[in-house]
$ cat protein-v1.txt   # compact mmCIF, C-alpha atoms
# COMPACT_ATOMS: atom_id res chain seq x y z
CA MET B 1 -17.45 -1.31 -32.52
CA ASN B 2 -14.81 -3.96 -31.85
CA LEU B 3 -12.29 -5.24 -34.38
CA ARG B 4 -10.73 -8.65 -33.87
CA LEU B 5 -7.04 -8.94 -34.68
CA ASN B 6 -6.32 -11.46 -37.40
CA ARG B 7 -3.11 -13.31 -36.55
CA GLY B 8 -1.84 -12.46 -40.01
CA THR B 9 -2.38 -8.74 -39.49
CA SER B 10 0.25 -6.64 -37.77
CA TYR B 11 -0.64 -5.31 -34.35
CA ALA B 12 0.39 -1.79 -35.40
CA VAL B 13 -2.11 -1.87 -38.28
CA TRP B 14 -4.80 -3.07 -35.87
CA LEU B 15 -4.12 -0.11 -33.57
CA ILE B 16 -4.57 2.32 -36.45
CA LEU B 17 -7.87 0.69 -37.48
CA GLU B 18 -9.16 0.66 -33.93
CA ALA B 19 -8.25 4.31 -33.37
CA ALA B 20 -10.19 5.27 -36.47
CA CYS B 21 -13.40 3.52 -35.46
CA CYS B 22 -13.62 3.70 -31.69
CA MET B 23 -14.82 6.49 -29.40
CA ALA B 24 -12.45 7.78 -26.77
CA ALA B 25 -13.31 6.99 -23.16
CA PRO B 26 -15.44 9.76 -21.59
CA PRO B 27 -13.70 11.92 -18.96
CA GLU B 28 -15.59 10.39 -16.04
CA SER B 29 -14.22 6.91 -16.82
CA VAL B 30 -10.56 7.96 -17.07
CA PRO B 31 -8.55 7.42 -13.86
CA ASN B 32 -6.10 10.13 -12.85
CA ARG B 33 -3.72 7.67 -11.22
CA ALA B 34 -3.24 4.20 -9.85
CA TYR B 35 -3.22 3.99 -6.09
CA PHE B 36 -1.97 0.44 -5.48
CA TYR B 37 -1.04 -2.78 -7.22
CA ILE B 38 -2.43 -5.47 -4.90
CA HIS B 39 -1.63 -9.10 -4.17
CA THR B 40 -4.12 -11.07 -2.10
CA VAL B 41 -1.97 -13.43 -0.05
CA ALA B 42 -2.55 -16.56 1.99
CA ASN B 43 -0.22 -15.57 4.83
CA LEU B 44 0.47 -11.86 5.32
CA ASP B 45 3.22 -12.32 7.90
CA LYS B 46 5.20 -14.59 5.57
CA SER B 47 4.77 -12.16 2.68
CA ILE B 48 5.81 -9.16 4.80
CA ALA B 49 8.96 -10.96 5.86
CA PHE B 50 9.86 -11.62 2.23
CA TYR B 51 9.14 -8.24 0.62
CA ARG B 52 10.27 -6.03 3.50
CA ASP B 53 13.08 -7.99 5.12
CA VAL B 54 14.45 -9.91 2.09
CA ILE B 55 13.66 -7.82 -1.00
CA GLY B 56 14.02 -4.54 0.88
CA LEU B 57 10.84 -2.67 -0.02
CA HIS B 58 10.01 0.20 2.32
CA GLU B 59 6.63 0.53 3.97
CA LYS B 60 4.47 3.34 2.60
CA HIS B 61 2.68 5.67 4.97
CA VAL B 62 -0.99 5.81 4.03
CA LEU B 63 -3.36 8.18 5.81
CA SER B 64 -6.51 6.52 7.18
CA ALA B 65 -4.99 3.09 6.46
CA PHE B 66 -6.13 -0.07 8.21
CA PRO B 67 -3.64 -1.74 10.57
CA SER B 68 -1.40 -4.57 9.41
CA ASP B 69 -0.84 -6.04 12.88
CA LYS B 70 -4.44 -7.09 13.55
CA PRO B 71 -7.42 -8.18 11.43
CA THR B 72 -10.14 -5.60 10.76
CA ARG B 73 -13.76 -6.00 9.76
CA ASN B 74 -15.30 -3.00 8.01
CA ASP B 75 -18.76 -3.00 6.47
CA GLN B 76 -17.83 -0.49 3.76
CA ILE B 77 -14.77 -2.48 2.66
CA ASN B 78 -16.70 -5.75 2.85
CA ARG B 79 -19.36 -4.33 0.53
CA LEU B 80 -16.76 -2.85 -1.81
CA THR B 81 -14.87 -6.14 -2.15
CA ASN B 82 -17.88 -8.51 -1.92
CA THR B 83 -16.37 -10.22 1.13
CA PRO B 84 -19.28 -10.24 3.61
CA ASN B 85 -18.25 -10.49 7.27
CA ALA B 86 -14.62 -11.20 6.39
CA PHE B 87 -11.66 -9.82 8.31
CA PHE B 88 -8.72 -8.36 6.41
CA ARG B 89 -5.18 -7.11 6.98
CA PRO B 90 -3.24 -4.94 4.52
CA ILE B 91 0.31 -3.65 4.36
CA TYR B 92 1.52 -0.99 1.95
CA PHE B 93 4.94 -0.63 0.32
CA GLU B 94 6.56 2.03 -1.82
CA LEU B 95 7.59 1.08 -5.35
CA PRO B 96 10.77 2.99 -6.21
CA GLY B 97 10.32 5.57 -8.95
CA ASN B 98 6.52 5.41 -8.88
CA ASP B 99 3.54 7.43 -7.70
CA TYR B 100 1.62 4.24 -6.79
CA GLY B 101 2.40 1.58 -4.22
CA PHE B 102 2.32 -2.17 -3.66
CA GLU B 103 -0.24 -3.62 -1.25
CA LEU B 104 -0.34 -7.09 0.26
CA LEU B 105 -3.82 -8.04 1.45
CA GLU B 106 -4.99 -11.01 3.51
CA PHE B 107 -8.60 -12.03 4.11
CA THR B 108 -9.62 -14.39 6.91
CA GLN B 109 -12.84 -15.94 8.26
CA ILE B 110 -14.15 -16.34 4.73
CA GLU B 111 -13.92 -19.21 2.23
CA ARG B 112 -10.87 -18.82 -0.04
CA GLN B 113 -9.71 -20.68 -3.13
CA PRO B 114 -6.05 -20.31 -4.14
CA PHE B 115 -5.57 -18.88 -7.63
CA GLU B 116 -2.38 -20.46 -8.97
CA PRO B 117 -1.90 -19.42 -12.60
CA ARG B 118 0.98 -20.41 -14.80
CA LEU B 119 2.88 -17.56 -16.41
CA GLN B 120 1.02 -18.05 -19.69
CA ASP B 121 -2.43 -18.02 -18.06
CA PRO B 122 -4.48 -14.83 -18.53
CA GLY B 123 -4.92 -13.04 -15.24
CA ALA B 124 -1.45 -13.87 -13.94
CA THR B 125 0.23 -10.71 -12.68
CA PHE B 126 3.82 -10.16 -11.61
CA LEU B 127 5.94 -7.51 -9.99
CA ILE B 128 8.98 -6.40 -12.01
CA LEU B 129 11.93 -5.00 -10.06
CA ASP B 130 14.96 -3.41 -11.71
CA VAL B 131 17.83 -4.05 -9.30
CA ARG B 132 21.41 -2.81 -9.20
CA ASN B 133 22.98 -6.13 -8.19
CA LEU B 134 20.99 -9.08 -9.52
CA ASP B 135 23.25 -11.78 -8.12
CA ALA B 136 23.09 -10.36 -4.59
CA MET B 137 19.31 -9.90 -4.73
CA LEU B 138 18.83 -13.40 -6.16
CA ALA B 139 20.89 -14.95 -3.40
CA LYS B 140 18.83 -13.13 -0.76
CA ALA B 141 15.56 -14.14 -2.42
CA LYS B 142 16.51 -17.82 -2.50
CA MET B 143 17.57 -17.69 1.16
CA GLY B 144 14.23 -16.04 1.90
CA GLY B 145 12.20 -18.89 0.42
CA ALA B 146 11.77 -17.90 -3.23
CA THR B 147 11.68 -20.66 -5.84
CA LEU B 148 13.18 -20.37 -9.32
CA VAL B 149 10.98 -20.33 -12.42
CA THR B 150 13.47 -19.58 -15.20
CA PRO B 151 14.83 -22.90 -16.52
CA GLY B 152 18.28 -23.73 -15.24
CA GLY B 153 17.88 -21.38 -12.28
CA LYS B 154 20.21 -18.79 -13.77
CA PRO B 155 19.54 -15.30 -15.19
CA VAL B 156 18.95 -14.97 -18.91
CA LYS B 157 20.96 -12.28 -20.68
CA ASP B 158 19.88 -10.29 -23.72
CA SER B 159 21.08 -7.03 -25.26
CA VAL B 160 19.37 -4.96 -22.56
CA ALA B 161 19.48 -6.79 -19.23
CA ARG B 162 20.04 -9.95 -17.21
CA SER B 163 16.72 -11.25 -15.88
CA ILE B 164 15.22 -14.11 -13.91
CA PHE B 165 11.69 -15.16 -12.88
CA LEU B 166 10.99 -16.34 -9.33
CA ARG B 167 8.01 -17.28 -7.21
CA ASP B 168 7.81 -15.66 -3.80
CA PRO B 169 7.04 -17.86 -0.74
CA ASP B 170 3.30 -17.32 -1.32
CA GLY B 171 3.52 -18.38 -4.98
CA PHE B 172 3.45 -14.99 -6.72
CA TYR B 173 5.64 -14.35 -9.73
CA LEU B 174 8.48 -11.87 -9.40
CA LEU B 175 10.75 -10.75 -12.24
CA LEU B 176 14.17 -9.42 -11.27
CA ARG B 177 16.19 -7.51 -13.89
CA GLN B 178 19.57 -5.80 -13.95
CA HIS B 179 19.93 -3.45 -16.92
CA GLN B 180 23.29 -2.95 -18.54
CA LEU B 181 22.66 0.78 -18.48
CA MET B 182 20.48 2.16 -15.69
CA LYS B 183 17.96 4.78 -16.80
CA ALA B 184 18.63 8.40 -15.91
CA GLY B 185 16.77 9.43 -12.79
CA ALA B 186 16.53 5.89 -11.42
CA SER B 187 15.99 5.61 -7.69
CA LYS B 188 19.01 5.16 -5.49
CA GLY B 189 19.39 2.01 -3.47
CA PRO B 190 19.28 -1.71 -4.34
CA ILE B 191 15.98 -1.34 -6.27
CA ALA B 192 16.23 1.29 -9.00
CA ALA B 193 12.74 1.01 -10.52
CA ALA B 194 9.60 -1.11 -10.55
CA THR B 195 6.62 -1.88 -12.74
CA VAL B 196 3.93 -4.54 -13.14
CA GLY B 197 3.27 -7.26 -15.72
CA ILE B 198 -0.08 -8.79 -16.73
CA THR B 199 -0.57 -11.93 -18.79
CA VAL B 200 -3.46 -11.43 -21.21
CA ALA B 201 -5.51 -13.73 -23.42
CA ASP B 202 -5.58 -11.33 -26.37
CA LEU B 203 -3.28 -8.32 -26.60
CA ALA B 204 -5.49 -6.41 -29.01
CA ASN B 205 -8.73 -6.89 -27.08
CA THR B 206 -7.12 -6.04 -23.76
CA THR B 207 -5.55 -2.91 -25.22
CA ALA B 208 -8.95 -1.89 -26.61
CA PHE B 209 -10.59 -2.40 -23.20
CA TYR B 210 -8.14 -0.24 -21.28
CA ARG B 211 -7.97 2.41 -24.00
CA ASP B 212 -11.66 2.69 -24.89
CA ARG B 213 -13.20 2.06 -21.46
CA LEU B 214 -10.58 3.59 -19.17
CA GLY B 215 -8.63 6.03 -21.32
CA PHE B 216 -5.21 4.37 -20.98
CA VAL B 217 -2.58 5.32 -23.56
CA PRO B 218 -1.26 2.25 -25.46
CA GLY B 219 2.47 1.84 -26.04
CA GLN B 220 4.25 0.31 -28.99
CA PRO B 221 3.81 -3.44 -29.52
CA ALA B 222 6.96 -5.55 -29.43
CA ASP B 223 8.07 -9.07 -30.26
CA GLY B 224 8.94 -10.86 -27.04
CA GLY B 225 10.87 -13.66 -28.71
CA SER B 226 13.72 -13.50 -26.18
CA LEU B 227 11.26 -14.05 -23.31
CA ASN B 228 10.68 -17.76 -24.00
CA ALA B 229 13.97 -18.73 -22.39
CA LEU B 230 13.21 -16.46 -19.44
CA THR B 231 9.73 -17.82 -18.77
CA GLY B 232 10.29 -21.46 -19.65
CA VAL B 233 7.15 -21.42 -21.79
CA SER B 234 8.02 -23.12 -25.07
CA GLY B 235 6.15 -23.93 -28.23
CA GLY B 236 4.63 -20.51 -28.74
CA GLN B 237 5.34 -16.83 -29.24
CA ILE B 238 5.22 -13.95 -26.77
CA ALA B 239 4.01 -10.51 -27.79
CA THR B 240 4.11 -7.50 -25.48
CA THR B 241 3.01 -3.90 -25.19
CA THR B 242 2.43 -1.33 -22.45
CA LEU B 243 -0.45 0.80 -21.23
CA LYS B 244 -0.15 4.09 -19.38
CA ILE B 245 -2.32 6.44 -17.36
CA ALA B 246 -1.45 9.89 -18.73
CA GLY B 247 0.36 12.01 -16.16
CA SER B 248 1.15 9.00 -13.95
CA THR B 249 4.01 6.53 -13.65
CA PHE B 250 1.55 3.63 -13.85
CA GLU B 251 2.59 1.82 -17.05
CA PRO B 252 1.95 -1.94 -16.78
CA GLN B 253 3.32 -4.36 -19.35
CA LEU B 254 0.94 -6.72 -21.18
CA TRP B 255 2.26 -10.15 -22.21
CA GLU B 256 0.35 -12.49 -24.53
CA PHE B 257 1.56 -16.09 -24.89
CA ARG B 258 0.42 -17.26 -28.32
CA GLY B 259 0.25 -20.86 -29.49
CA VAL B 260 0.12 -22.39 -26.00
CA ASP B 261 -2.78 -23.55 -23.84
CA HIS B 262 -4.44 -21.09 -21.45
CA ARG B 263 -6.51 -21.56 -18.31
CA PRO B 264 -9.14 -18.84 -17.84
CA ALA B 265 -9.15 -16.92 -14.56
CA HIS B 266 -11.94 -15.49 -12.46
CA PRO B 267 -10.63 -15.06 -8.90
CA ARG B 268 -12.41 -13.19 -6.14
CA MET B 269 -10.87 -10.53 -3.91
CA GLN B 270 -10.26 -12.96 -1.04
CA ASP B 271 -8.58 -15.65 -3.15
CA PRO B 272 -4.81 -15.90 -2.57
CA GLY B 273 -3.12 -15.25 -5.89
CA ALA B 274 -5.64 -12.70 -7.17
CA GLY B 275 -4.03 -9.72 -8.89
CA GLN B 276 -5.70 -6.35 -8.48
CA PHE B 277 -5.27 -2.63 -9.08
CA THR B 278 -6.82 0.30 -7.28
CA LEU B 279 -7.49 3.10 -9.76
CA GLN B 280 -8.41 6.57 -8.57
CA PHE B 281 -11.18 8.51 -10.32
CA ARG B 282 -12.32 12.09 -9.87
CA LEU B 283 -15.97 11.00 -10.10
CA PRO B 284 -16.03 7.30 -9.17
CA ALA B 285 -19.83 7.01 -9.14
CA ASP B 286 -20.02 8.37 -12.68
CA ALA B 287 -17.21 6.04 -13.75
CA ARG B 288 -19.01 3.00 -12.35
CA ALA B 289 -22.27 4.04 -14.03
CA TYR B 290 -20.54 4.39 -17.39
CA LEU B 291 -18.75 1.05 -17.07
CA LYS B 292 -22.02 -0.70 -16.18
CA GLN B 293 -23.65 0.90 -19.21
CA GLU B 294 -20.83 -0.46 -21.37
CA GLY B 295 -21.41 -4.00 -20.13
CA VAL B 296 -18.22 -4.33 -18.07
CA GLU B 297 -18.43 -7.20 -15.57
CA PHE B 298 -18.65 -6.21 -11.90
CA LEU B 299 -17.64 -8.32 -8.90
CA SER B 300 -19.30 -5.78 -6.60
CA ASP B 301 -20.51 -2.19 -6.81
CA GLY B 302 -16.93 -0.94 -6.69
CA VAL B 303 -14.86 -3.68 -8.35
CA ILE B 304 -14.73 -4.66 -12.03
CA TYR B 305 -13.01 -7.40 -13.99
CA ASP B 306 -10.79 -6.69 -16.96
CA PRO B 307 -11.03 -9.16 -19.90
CA ASN B 308 -8.45 -11.44 -18.26
CA GLY B 309 -9.97 -11.73 -14.79
CA VAL B 310 -7.77 -9.04 -13.21
CA LEU B 311 -9.70 -7.12 -10.55
CA ILE B 312 -9.87 -3.31 -10.68
CA LEU B 313 -11.10 -1.29 -7.70
CA VAL B 314 -12.84 1.91 -8.84
CA ARG B 315 -12.14 4.43 -6.08
CA GLY B 316 -12.29 8.14 -5.44
CA GLU B 317 -9.70 10.34 -3.79
CA PRO B 318 -8.61 8.70 -0.52
CA PRO B 319 -9.71 10.52 2.66
CA ASN B 320 -7.22 13.15 3.82
CA HIS B 321 -5.07 12.41 0.78

$ encode --input "protein-v1.txt" --output "structure tokens"
Amino acid sequence: MNLRLNRGTSYAVWLILEAACCMAAPPESVPNRAYFYIHTVANLDKSIAFYRDVIGLHEKHVLSAFPSDKPTRNDQINRLTNTPNAFFRPIYFELPGNDYGFELLEFTQIERQPFEPRLQDPGATFLILDVRNLDAMLAKAKMGGATLVTPGGKPVKDSVARSIFLRDPDGFYLLLRQHQLMKAGASKGPIAAATVGITVADLANTTAFYRDRLGFVPGQPADGGSLNALTGVSGGQIATTTLKIAGSTFEPQLWEFRGVDHRPAHPRMQDPGAGQFTLQFRLPADARAYLKQEGVEFLSDGVIYDPNGVLILVRGEPPNH
């Protein structure tokens, strides 16, 4: 049973009603962790130079990983991603303070269509980095080819942090924040913490999908009124919440832009701009069978779409992990 959120009804009330009427996700469909947040890029070398050499992310050692210095064709990966005969190159980065990483992925020798969402468009995803010196990191990012998104090109300050939105050289959104008070246990170094943001068409429906189909734990909804100045999206309201995989650090933020126009998204794995997550399941075949039974849309046998066009790879434990 699905309940639609009336705009006049509080989101908290909706959560209570949904919890009362909906079945919990079965164990086989609940991931035990996220493995990677993935950007498909147009030019891997350019993106490596930005995130490794400018932003300062450290490469992550992944057993049985594919090389980043030469294209690979692999029948199993091609079937998984519905990219027949394509070549691909990945690179993996650590995200400070997290048990999942950040992967940049380039496909070649296959037709590609750039996915270029605006911030308010469902399916847009963005990396959020909490940095210790925002001005220094911003200067480096601009020198490295980033373009400014926040109006006026200067950080926006609220009671919690100074923040600014950028686009990386490949067009992806990146949110840099410097908190007034750094959280206890934050990572040392220029980047103290990281998370991921997802723009959604409907906060309530997206929360229901991740909770009821995948067993995510919803956070508390919040009014994102102060985010309009940060994003440059005017004429509407922004509402936010979080979702979490229990026992993991994976806790993406959901942002809904209300009262503004949206462009629907449906990118493929090979399309530059496509946002993706690899989720790890104890019994991936059982998870895929359950999700098919529930009518979830599949791109391929191993990849599903969330309600906003974000791609989710349903994987098992990595070899030799």

$ residues_around --input "protein-v1.txt" --residues "B:Gln280" --least-positions-apart "3" --cutoff "10 Å" --atoms "all atoms listed in the file" --output "PyMOL selection string"
chain B and resi 30-36+277+283-284+313-318

$ closest_residue --input "protein-v1.txt" --among "B:Ile55, B:Ala289, B:Ala208, B:Ile191" --to "B:Ala139" --atoms "all atoms listed in the file"
B:Ile55

$ atom_distance --input "protein-v1.txt" --atom1 "atom CA of B:Leu230" --atom2 "atom CA of B:Phe50"
22.5 Å

$ residues_around --input "protein-v1.txt" --residues "stretch 149-155 of chain B" --least-positions-apart "2" --cutoff "6 Å" --atoms "only C-alpha atoms" --output "ChimeraX atom specification"
/B:162-166,230-232

$ residues_near_point --input "protein-v1.txt" --point "(13.5, -0.7, 0.9)" --cutoff "8 Å" --atoms "all atoms listed in the file" --output "PyMOL selection string"
chain B and resi 52+55-59+94+189-191

$ write_last_selection --input "protein-v1.txt" --atoms "C-alpha atoms" --output "PDB file, in the coordinates of the input"
ATOM      1  CA  ARG B  52      10.270  -6.030   3.500  1.00  0.00           C
ATOM      2  CA  ILE B  55      13.660  -7.820  -1.000  1.00  0.00           C
ATOM      3  CA  GLY B  56      14.020  -4.540   0.880  1.00  0.00           C
ATOM      4  CA  LEU B  57      10.840  -2.670  -0.020  1.00  0.00           C
ATOM      5  CA  HIS B  58      10.010   0.200   2.320  1.00  0.00           C
ATOM      6  CA  GLU B  59       6.630   0.530   3.970  1.00  0.00           C
ATOM      7  CA  GLU B  94       6.560   2.030  -1.820  1.00  0.00           C
ATOM      8  CA  GLY B 189      19.390   2.010  -3.470  1.00  0.00           C
ATOM      9  CA  PRO B 190      19.280  -1.710  -4.340  1.00  0.00           C
ATOM     10  CA  ILE B 191      15.980  -1.340  -6.270  1.00  0.00           C
TER      11      ILE B 191
END

$ closest_residue --input "protein-v1.txt" --among "B:Ala222, B:Met182, B:Ile77, B:Val160" --to "B:Phe107" --atoms "all atoms listed in the file"
B:Ile77

$ atom_distance --input "protein-v1.txt" --atom1 "atom CA of B:Leu176" --atom2 "atom CA of B:Gly197"
12.0 Å

$ atom_distance --input "protein-v1.txt" --atom1 "atom CA of B:Asp306" --atom2 "atom CA of B:Gly247"
21.8 Å

$ closest_residue --input "protein-v1.txt" --among "B:Ala141, B:Val310, B:Leu129, B:Ala146" --to "B:Arg167" --atoms "all atoms listed in the file"
B:Ala146

$ residues_around --input "protein-v1.txt" --residues "B:Gln237" --least-positions-apart "5" --cutoff "9 Å" --atoms "all atoms listed in the file" --output "list in words"
Asp223, Gly224, Gly225, Leu227, Asn228, Glu256, Phe257, Arg258, Gly259 and Val260 of chain B

$ write_last_selection --input "protein-v1.txt" --atoms "C-alpha atoms" --output "PDB file, keeping the file's coordinate frame"
ATOM      1  CA  ASP B 223       8.070  -9.070 -30.260  1.00  0.00           C
ATOM      2  CA  GLY B 224       8.940 -10.860 -27.040  1.00  0.00           C
ATOM      3  CA  GLY B 225      10.870 -13.660 -28.710  1.00  0.00           C
ATOM      4  CA  LEU B 227      11.260 -14.050 -23.310  1.00  0.00           C
ATOM      5  CA  ASN B 228      10.680 -17.760 -24.000  1.00  0.00           C
ATOM      6  CA  GLU B 256       0.350 -12.490 -24.530  1.00  0.00           C
ATOM      7  CA  PHE B 257       1.560 -16.090 -24.890  1.00  0.00           C
ATOM      8  CA  ARG B 258       0.420 -17.260 -28.320  1.00  0.00           C
ATOM      9  CA  GLY B 259       0.250 -20.860 -29.490  1.00  0.00           C
ATOM     10  CA  VAL B 260       0.120 -22.390 -26.000  1.00  0.00           C
TER      11      VAL B 260
END

$ residues_around --input "protein-v1.txt" --residues "B:Thr81" --least-positions-apart "5" --cutoff "12 Å" --atoms "all atoms listed in the file" --output "ChimeraX atom specification"
/B:40,73-76,86-88,105,107,267-271,276,278,298-304,311-315

$ closest_residue --input "protein-v1.txt" --among "B:Arg177, B:His39, B:Lys244, B:Arg211" --to "B:Ala124" --atoms "only C-alpha atoms"
B:His39

$ closest_residue --input "protein-v1.txt" --among "B:His179, B:Lys140, B:Lys46, B:Arg89" --to "B:Glu103" --atoms "all atoms listed in the file"
B:Arg89

$ closest_residue --input "protein-v1.txt" --among "B:Pro96, B:Gln120, B:Gln180, B:Gly295" --to "B:Lys157" --atoms "all atoms listed in the file"
B:Gln180

$ residues_around --input "protein-v1.txt" --residues "stretch 290-293 of chain B" --least-positions-apart "5" --cutoff "8 Å" --atoms "only C-alpha atoms" --output "PyMOL selection string"
chain B and resi 28-29+213+298

$ write_last_selection --input "protein-v1.txt" --atoms "C-alpha atoms" --output "short mmCIF file (atom, residue, chain, number, x, y, z; two decimals), keeping the file's coordinate frame"
data_model
loop_
_atom_site.label_atom_id
_atom_site.label_comp_id
_atom_site.auth_asym_id
_atom_site.auth_seq_id
_atom_site.Cartn_x
_atom_site.Cartn_y
_atom_site.Cartn_z
CA GLU B 28 -15.59 10.39 -16.04
CA SER B 29 -14.22 6.91 -16.82
CA ARG B 213 -13.20 2.06 -21.46
CA PHE B 298 -18.65 -6.21 -11.90
#
